[in-house]
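As structure tokens, the structure follows; a few thoughts come after it.
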Amino acid sequence: PSNVTFRGKWMDGTMTEAYQYDSNGQRFQGEAAISLSEDEATTTMLCTHPTVPCVFELERVYVAPSTMPSANEGLFARIDIGKGEVCAFYNGIKISQKEVDDRGWALNDNCITLREGLVIDIPLHLASTTLYCASLGHKANHSFTANSMYDLLCHPRFGDIKCVRATV
């Protein structure tokens, strides 16, 4: 398991100011070195810092051209990930199931049900990792020989979201 952590200030269980640290205990440098706080998506905004990557994901997965025909990009393991371990996170705007059902199917490529009546969505115009890489779970592709599943997770930065969890 990864030892990536958020270290900082918490108030009543809410992250108010924190920095990402890697598995060696070093504060992350570069774009992910900024202070983060709880940053739950709304119906119109993914998060405040959409191009600040998650150090946990940086250590575990990467995005590359998919090996599946017509799938564009895919999510690949950078390290061995054990059964039951989290691979990646799936944050996105929160919209109603009705809104998803009422729009064209072509707009729903990056939708996943969070709970009854509520869907997480990465709008197509933001699906590129150059515009949004704060979470990468939307890059996982379906396979009939599945090696992972989506699961609920309460993330310190994004709140209630889905995650990609290894099944083998």
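Quick note on naming: the chains in the structure tokens go A, B, ... in the order shown, residues restart at 1 in each chain, and ligands are numbered from 1 in order of appearance.
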Secondary structure check, strand (DSSP E) residues of range 13-125 of chain A, as an MDAnalysis selection string: chainID A and resid 14:21 61:65 73:77 86:90 93:96 111:115 118:121
Per residue of range 4-77 of chain A within 12 Å of range 106-120 of chain A, note the shortest atom pair and the distance in Å to one decimal, counting only C-alpha atoms, and order the rows by chain and increasing residue number, as JSON lines.
{"residue": "A:Glu40", "atom": "CA", "partner": "A:Ile120", "partner_atom": "CA", "distance": 11.4}
{"residue": "A:Ala41", "atom": "CA", "partner": "A:Ile120", "partner_atom": "CA", "distance": 9.0}
{"residue": "A:Thr42", "atom": "CA", "partner": "A:Ile120", "partner_atom": "CA", "distance": 9.9}
{"residue": "A:Thr43", "atom": "CA", "partner": "A:Ile120", "partner_atom": "CA", "distance": 9.4}
{"residue": "A:Thr44", "atom": "CA", "partner": "A:Ile120", "partner_atom": "CA", "distance": 11.4}
{"residue": "A:Met45", "atom": "CA", "partner": "A:Ile120", "partner_atom": "CA", "distance": 11.4}
{"residue": "A:Leu46", "atom": "CA", "partner": "A:Ile120", "partner_atom": "CA", "distance": 9.7}
{"residue": "A:Ala71", "atom": "CA", "partner": "A:Asp109", "partner_atom": "CA", "distance": 10.4}
{"residue": "A:Asn72", "atom": "CA", "partner": "A:Asp109", "partner_atom": "CA", "distance": 11.6}
Write the selection just made, keeping N, CA and C atoms, as an mmCIF file, in the first residue's frame?
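File produced: out.cif:
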data_model
loop_
_atom_site.group_PDB
_atom_site.id
_atom_site.type_symbol
_atom_site.label_atom_id
_atom_site.label_comp_id
_atom_site.auth_asym_id
_atom_site.auth_seq_id
_atom_site.Cartn_x
_atom_site.Cartn_y
_atom_site.Cartn_z
ATOM 1 N N GLU A 40 -14.874 19.866 -2.651
ATOM 2 C CA GLU A 40 -15.895 19.031 -3.282
ATOM 3 C C GLU A 40 -16.441 19.673 -4.539
ATOM 4 N N ALA A 41 -16.685 18.832 -5.531
ATOM 5 C CA ALA A 41 -17.259 19.290 -6.791
ATOM 6 C C ALA A 41 -18.681 19.798 -6.567
ATOM 7 N N THR A 42 -19.106 20.670 -7.474
ATOM 8 C CA THR A 42 -20.478 21.167 -7.465
ATOM 9 C C THR A 42 -21.137 20.708 -8.765
ATOM 10 N N THR A 43 -22.270 21.280 -9.078
ATOM 11 C CA THR A 43 -22.944 20.950 -10.336
ATOM 12 C C THR A 43 -22.267 21.602 -11.536
ATOM 13 N N THR A 44 -21.340 22.526 -11.294
ATOM 14 C CA THR A 44 -20.683 23.233 -12.403
ATOM 15 C C THR A 44 -19.161 23.230 -12.335
ATOM 16 N N MET A 45 -18.578 22.827 -11.209
ATOM 17 C CA MET A 45 -17.126 22.918 -11.047
ATOM 18 C C MET A 45 -16.554 21.593 -10.547
ATOM 19 N N LEU A 46 -15.497 21.101 -11.234
ATOM 20 C CA LEU A 46 -14.836 19.862 -10.814
ATOM 21 C C LEU A 46 -14.112 20.050 -9.495
ATOM 22 N N ALA A 71 -10.868 3.541 -27.814
ATOM 23 C CA ALA A 71 -11.045 3.954 -26.419
ATOM 24 C C ALA A 71 -10.226 5.194 -26.038
ATOM 25 N N ASN A 72 -9.494 5.765 -26.962
ATOM 26 C CA ASN A 72 -8.658 6.942 -26.688
ATOM 27 C C ASN A 72 -7.612 6.619 -25.619
#
Provide the CA of Ile81 in chain A to CA of Tyr21 in chain A distance in Å, to one decimal place. 19.6 Å
Please identify every residue of range 98-139 of chain A that has at least one atom no farther than 9 Å from an atom of range 49-66 of chain A, counting only C-alpha atoms, and for each give the shortest atom pair and the distance in Å to one decimal, arranged by chain then increasing number, as CSV.
residue,atom,partner,partner_atom,distance
A:Thr129,CA,A:Thr51,CA,7.7
A:Thr130,CA,A:Thr51,CA,7.1
A:Leu131,CA,A:Thr51,CA,6.2
A:Tyr132,CA,A:Pro50,CA,4.9
A:Cys133,CA,A:Thr51,CA,5.1
A:Ala134,CA,A:Pro53,CA,4.4
A:Ser135,CA,A:Cys54,CA,6.4
A:Leu136,CA,A:Glu57,CA,7.5
A:Lys139,CA,A:Val63,CA,7.0
Keeping only N, CA, C and O atoms, write the selected residues to a file as a compact mmCIF listing (two decimals), in the first residue's frame.
# COMPACT_ATOMS: atom_id res chain seq x y z
N THR A 129 -6.36 15.15 -19.83
CA THR A 129 -5.54 15.34 -18.64
C THR A 129 -4.78 16.67 -18.65
O THR A 129 -4.28 17.09 -17.61
N THR A 130 -4.73 17.35 -19.77
CA THR A 130 -4.13 18.69 -19.78
C THR A 130 -5.06 19.71 -19.11
O THR A 130 -4.60 20.73 -18.62
N LEU A 131 -6.36 19.41 -19.07
CA LEU A 131 -7.34 20.30 -18.44
C LEU A 131 -7.80 19.81 -17.08
O LEU A 131 -8.20 20.61 -16.23
N TYR A 132 -7.79 18.50 -16.88
CA TYR A 132 -8.20 17.93 -15.60
C TYR A 132 -7.40 16.65 -15.30
O TYR A 132 -7.52 15.66 -16.02
N CYS A 133 -6.58 16.72 -14.26
CA CYS A 133 -5.82 15.54 -13.84
C CYS A 133 -5.80 15.40 -12.32
O CYS A 133 -4.96 14.69 -11.76
N ALA A 134 -6.70 16.08 -11.63
CA ALA A 134 -6.77 15.99 -10.18
C ALA A 134 -7.19 14.59 -9.71
O ALA A 134 -6.85 14.18 -8.61
N SER A 135 -7.92 13.88 -10.54
CA SER A 135 -8.23 12.47 -10.33
C SER A 135 -8.22 11.81 -11.70
O SER A 135 -8.48 12.46 -12.71
N LEU A 136 -7.92 10.51 -11.73
CA LEU A 136 -7.75 9.84 -13.02
C LEU A 136 -8.68 8.66 -13.24
O LEU A 136 -8.59 7.98 -14.26
N LYS A 139 -10.35 7.61 -16.55
CA LYS A 139 -9.56 7.06 -17.65
C LYS A 139 -9.55 5.53 -17.68
O LYS A 139 -9.04 4.92 -18.61
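With only C-alpha atoms as the basis for measurement, A:Ala88 is the residue among A:Met15, A:Met149, A:Cys163, A:Ala88 that approaches Leu75 in chain A most closely.
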Residues of chain A in alpha helix (DSSP H), written as an MDAnalysis selection string: chainID A and resid 55:60 97:102
For N, CA and C atoms, I'd like the residues from the last selection saved as a PDB file, in the first residue's frame.
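Saved to selection-v4.pdb:
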ATOM      1  N   VAL A  55      -0.877  12.899  -5.642  1.00  0.00           N
ATOM      2  CA  VAL A  55       0.393  12.193  -5.490  1.00  0.00           C
ATOM      3  C   VAL A  55       0.162  10.685  -5.373  1.00  0.00           C
ATOM      4  N   PHE A  56      -0.892  10.289  -4.678  1.00  0.00           N
ATOM      5  CA  PHE A  56      -1.224   8.867  -4.545  1.00  0.00           C
ATOM      6  C   PHE A  56      -1.357   8.227  -5.923  1.00  0.00           C
ATOM      7  N   GLU A  57      -2.107   8.878  -6.808  1.00  0.00           N
ATOM      8  CA  GLU A  57      -2.275   8.350  -8.161  1.00  0.00           C
ATOM      9  C   GLU A  57      -0.960   8.399  -8.949  1.00  0.00           C
ATOM     10  N   LEU A  58      -0.187   9.454  -8.790  1.00  0.00           N
ATOM     11  CA  LEU A  58       1.083   9.557  -9.517  1.00  0.00           C
ATOM     12  C   LEU A  58       2.001   8.380  -9.221  1.00  0.00           C
ATOM     13  N   GLU A  59       1.951   7.873  -7.993  1.00  0.00           N
ATOM     14  CA  GLU A  59       2.782   6.729  -7.628  1.00  0.00           C
ATOM     15  C   GLU A  59       2.223   5.401  -8.134  1.00  0.00           C
ATOM     16  N   ARG A  60       0.926   5.339  -8.398  1.00  0.00           N
ATOM     17  CA  ARG A  60       0.290   4.056  -8.676  1.00  0.00           C
ATOM     18  C   ARG A  60      -0.120   3.843 -10.129  1.00  0.00           C
ATOM     19  N   GLN A  97     -29.318  12.108 -11.850  1.00  0.00           N
ATOM     20  CA  GLN A  97     -29.513  11.031 -12.819  1.00  0.00           C
ATOM     21  C   GLN A  97     -30.485  11.476 -13.903  1.00  0.00           C
ATOM     22  N   LYS A  98     -31.480  12.286 -13.533  1.00  0.00           N
ATOM     23  CA  LYS A  98     -32.453  12.783 -14.506  1.00  0.00           C
ATOM     24  C   LYS A  98     -31.765  13.630 -15.574  1.00  0.00           C
ATOM     25  N   GLU A  99     -30.835  14.500 -15.160  1.00  0.00           N
ATOM     26  CA  GLU A  99     -30.111  15.328 -16.124  1.00  0.00           C
ATOM     27  C   GLU A  99     -29.330  14.450 -17.104  1.00  0.00           C
ATOM     28  N   VAL A 100     -28.701  13.406 -16.595  1.00  0.00           N
ATOM     29  CA  VAL A 100     -27.957  12.477 -17.455  1.00  0.00           C
ATOM     30  C   VAL A 100     -28.914  11.775 -18.413  1.00  0.00           C
ATOM     31  N   ASP A 101     -30.043  11.294 -17.903  1.00  0.00           N
ATOM     32  CA  ASP A 101     -31.015  10.573 -18.725  1.00  0.00           C
ATOM     33  C   ASP A 101     -31.638  11.453 -19.800  1.00  0.00           C
ATOM     34  N   ASP A 102     -31.771  12.759 -19.513  1.00  0.00           N
ATOM     35  CA  ASP A 102     -32.439  13.674 -20.433  1.00  0.00           C
ATOM     36  C   ASP A 102     -31.537  14.217 -21.540  1.00  0.00           C
TER      37      ASP A 102
END
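When only C-alpha atoms are used to measure the gap to Pro156 in chain A, the shortest distance among A:Asp39, A:Val4, A:Met11, A:Pro123 belongs to A:Asp39.
Excluding Ala166 in chain A itself and any same-chain residue fewer than 2 positions from it, the protein and nucleic acid residues within 10 Å of it, counting only C-alpha atoms, are Ile81, Gly82, Lys83, Gly84, Glu85, Val86, Cys87, Ala88, Ala146, Asn147, Ser148, Met149, Tyr150, Cys163, Val164 and Val168 of chain A.
Residue nearest Leu152 in chain A within the list A:Thr14, A:Gln20, A:Ser96, A:Asn91: A:Asn91 [criterion: smallest interatomic distance, only C-alpha atoms].
Using only C-alpha atoms, the smallest distance between any of A:Arg157, A:Arg165, A:Arg103, A:His138 and Thr48 in chain A comes from A:Arg157.
The coordinates place CA of Ile161 in chain A at 15.8 Å from CA of Ser37 in chain A.
Note that CA of Asn3 in chain A and CA of Asn141 in chain A are 26.1 Å apart.
Nearest to Ser143 in chain A of all the residues A:Met68, A:Ile122, A:Ala32, A:Ala18 is A:Met68, counting only C-alpha atoms.
With only C-alpha atoms as the atoms that count, the minimum distance from Gly92 in chain A to the choices A:Thr5, A:Gln26, A:Leu36, A:Lys162 is reached by A:Lys162.
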